[in-house]
Every structure is written in structure tokens, then in C-alpha cells.
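Below you'll find the structure, written out as C-alpha cells, and then a few comments.
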Amino acid sequence: MRINILTLFPEMFNIFNHSIIGRAQEKGIIDIKTTNIRDFSNNKHKKVDDYPYGGGAGMVMAAQPVVDAIRSVKTSNKGKVIFLGPRGKKVNQDLINELSKEEELIFVCGHYEGIDERAYKYFDMEISLGDFVLTGGEMAAIPVIDSICRVVPEVLGREESFTDESFYDGTLEYPQYTRPVEFEGEKVPEILLSGHHENIRKWRRQQSLLITKERRKDLFNKLKLSKEDKKLLEK
């Protein structure tokens with residue numbers, strides 16, 4: 001997968017040079033590049049923002065450098081142009097899974113009080129992390145890109161690494177334990193020490209359903225429970 005990020009702060013994305021995503025890039029599974037929007041400014045001082053027409057607080061990113069940056073990147077990346085902004089569709093695992101199937105993507109990170117409205121027609125999609133305010137699109141782009149990359153085949157190695165996690169199938173993840181068997185008087189559930197894989201699978205599914213029902217009723221109400229799920233809950 002090829003990802004281009006258009007931003008005023010390319011150095012913020014150095015985080016992708018480390019850990020799992022860094023290794024995926026070294027293997028050629030993922031290719032993440034940044035483009036500095038400021039490099040496309042027609043202003044001799046490389047200014048990219050200005051005061052809003054009609055007055056108001058803060059500054060607005062000009063359309064020209066954003067649009068020219070998109071056009072430049074489009075010569076080598078034909079993917080969807082995604083803007084991180086408050087008007088967009090709220091991100092969830094279904095959207096992440098959908099985007100992970102794309103071969104190429106372009107992310108545009110806004111800053112200041114927003115982007116000139118005339119740039120919006122160059123975006124194919126706008127997405128949002130939620131109903132709260134961040135200092136810039138970079139802060140939203142990092143978790144979105146990380147979530148997309150980790151479900152790309154071969155990035156995590158084993159499919160179970162992400163299919164068992166919270167939200168992948170609409171439920172929260174089951175409890176996890178590691179050594180020692182006993183910590184501060186609390187022991188690992190006996191079933192996890194049994195070696196009986198089918199019983200462990202059922203226990204984990206049961207715990208996942210119970211935790212989702214208790215802590216995220218909104219998610220639980222959307223689940224299509226199987227016959228086995230119903231039996232596990234009855235127990």
C-alpha cells in the first residue's frame with residue numbers, strides 16, 4: 001500500500017519509521033511518504049494561511065498550496081484524497097477495513113481554523129475521529145493511518161493478531177493474561193491453562209460478549225448474535 005500525507009509538519013510522521021509500521025515499510029509492504037504543503041506556496045515567504053474574509057479569530061489555510069500539493073502528489077499516487085476534518089464521517093473499524101483494501105491513499109492534514117472552502121472539491125472523502133477538537137489534522141491522521149496499515153495483509157504476520165481485537169467484529173476484546181500464573185493473589189482463569197483450545201475459544205467469546213454488553217451497550221445492540229452466542233450468554 002502506498003500512502004502520501006500532505007502536511008505542514010512532516011516531521012510529526014517520523015513515528016511510522018518505528019515498530020510494526022516501520023518494519024512493514026522496510027519489507028516493502030507499506031510505503032508512507034510526506035509532502036510539505038508549504039513547498040507549494042506561491043508566497044515568497046512560503047506563507048500558507050491568511051485572515052478569514054468576514055472577520056473572525058484565527059487564520060485559514062489558503063486553497064492554492066493545498067490544491068497544488070494534491071495535484072503534484074496525484075502524478076504518482078492515484079488514490080482517494082482524504083481530508084481529516086470535523087464534517088467528515090466518523091471513523092470506525094468498518095471504514096478502516098474498507099480503506100485498508102485500497103492500493104493507494106492520500107491524506108490531507110488541515111491546520112489553523114480550517115481550509116479555504118474552495119479546496120474541498122479536491123477531496124474524495126472527509127473523515128473525523130469524533131466530536132472533539134485537535135490542534136491539527138496530523139493528530140487525527142496518525143491513528144487513522146496506523147489502524148489502516150495494521151490490517152493490511154502481512155503487516156502483523158498472523159490474521160488473528162487483528163481479527164481477535166476490539167471492534168474488529170463489533171465486540172470488545174476478551175481479557176488477556178501472561179506470566180506469572182498468580183499476581184498479588186489473583187490467578188489466571190483455569191480454563192486458559194487447560195490447553196483445551198475449543199473451550200478457550202468459547203470462554204473468550206463469552207467474555208467478549210459480556211464485556212461489550214456491560215461497557216458498550218451501543219455496540220452490543222448492533223450485534224447479530226449466533227445460536228452459540230446466545231447459549232454462551234445464557235450461561
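Starting from 1 in every chain, residues are counted up; chains themselves are A, B, ... following the order of the C-alpha cells, and ligands are numbered from 1 as listed.
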
Give me, as a Markdown table, each residue of segment 82-162 of chain A that comes within 10 Å of segment 20-33 of chain A, together with its shortest interatomic pair and the distance in Å at one decimal, counting only C-alpha atoms, with rows ordered by chain and rising residue number.
| residue | atom | partner | partner_atom | distance |
| --- | --- | --- | --- | --- |
| A:Glu103 | CA | A:Ile30 | CA | 9.7 |
| A:Glu104 | CA | A:Asp31 | CA | 9.4 |
| A:Leu105 | CA | A:Ile32 | CA | 9.7 |
| A:Ile106 | CA | A:Lys33 | CA | 9.7 |
| A:Ile145 | CA | A:Ile32 | CA | 9.4 |
| A:Asp146 | CA | A:Ile21 | CA | 7.4 |
| A:Cys149 | CA | A:Ile21 | CA | 7.1 |
| A:Arg150 | CA | A:Ile21 | CA | 7.3 |
| A:Val152 | CA | A:Ile29 | CA | 8.3 |
| A:Pro153 | CA | A:Ile29 | CA | 8.4 |
| A:Glu154 | CA | A:Ile29 | CA | 7.5 |
| A:Val155 | CA | A:Ala24 | CA | 5.6 |
| A:Leu156 | CA | A:Ile20 | CA | 7.3 |
| A:Gly157 | CA | A:Ala24 | CA | 9.9 |

Report task. Could you tell me which of A:Gly88, A:Val81, A:Asp169, A:Asn4 comes closest to Lys121 of chain A if we count only C-alpha atoms? Result -> A:Val81

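The smallest atom-to-atom distance between Val133 of chain A and any of A:His45, A:Phe220, A:Gly85, A:Glu214, using only C-alpha atoms, is found for A:Gly85.
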
Query raised in the report: Which of segment 3-210 of chain A counts as helix (DSSP H, G or I) under DSSP, as a ChimeraX atom specification please?
Result: /A:10-17,19-26,37-40,63-74,93-99,117-122,137-150,160-163,190-193,197-210

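Take atom CA of Tyr174 of chain A and atom CA of Ser208 of chain A: the distance between them is 4.4 Å.
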
Requested in this report: Pick out the residues sitting within 7 Å of Met61 of chain A, and hand them over as number ranges by chain; count only C-alpha atoms, and ignore anything fewer than 4 positions along from it in its own chain.
Outcome: A: 48-50, 111-112, 114-116

Query raised in the report: Which residue, A:Ile142, A:Leu223, A:Val73, A:Ile200, has the smallest gap to Phe13 of chain A when you use only C-alpha atoms?
Result: A:Ile142

**Report entry** Atomic distance atom CA of Arg216 of chain A - atom CA of Asn92 of chain A, expressed in Å with one decimal
**Finding:** 14.2 Å

**Report entry** Ala69 of chain A environment, 7 Å, only C-alpha atoms, sequence neighbours closer than 4 positions dropped, as an MDAnalysis selection string
**Finding:** chainID A and resid 37 40 65 73

Query raised in the report: If you run DSSP on this backbone, which residues of segment 32-235 of chain A come out as strand (DSSP E), and could you give them as a PyMOL selection string?
Result: chain A and resi 32-36+49-50+60-61+80-90+104-109+125-128+182-183+186-187

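With distances restricted to only C-alpha atoms, A:Glu117 is the closest residue to Ala62 of chain A from A:Pro86, A:Lys74, A:Val91, A:Glu117.
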
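Here atom CA of Asp229 of chain A is placed at a distance of 29.2 Å from atom CA of Arg179 of chain A.
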
Query raised in the report: If you count only C-alpha atoms, which residues fall within 10 Å of Ile211 of chain A, apart from same-chain ones fewer than 4 positions away, as JSON, numbers by chain?
Result: {"A": [171, 172, 173, 174, 175, 205, 206, 207, 215, 216, 217, 220]}
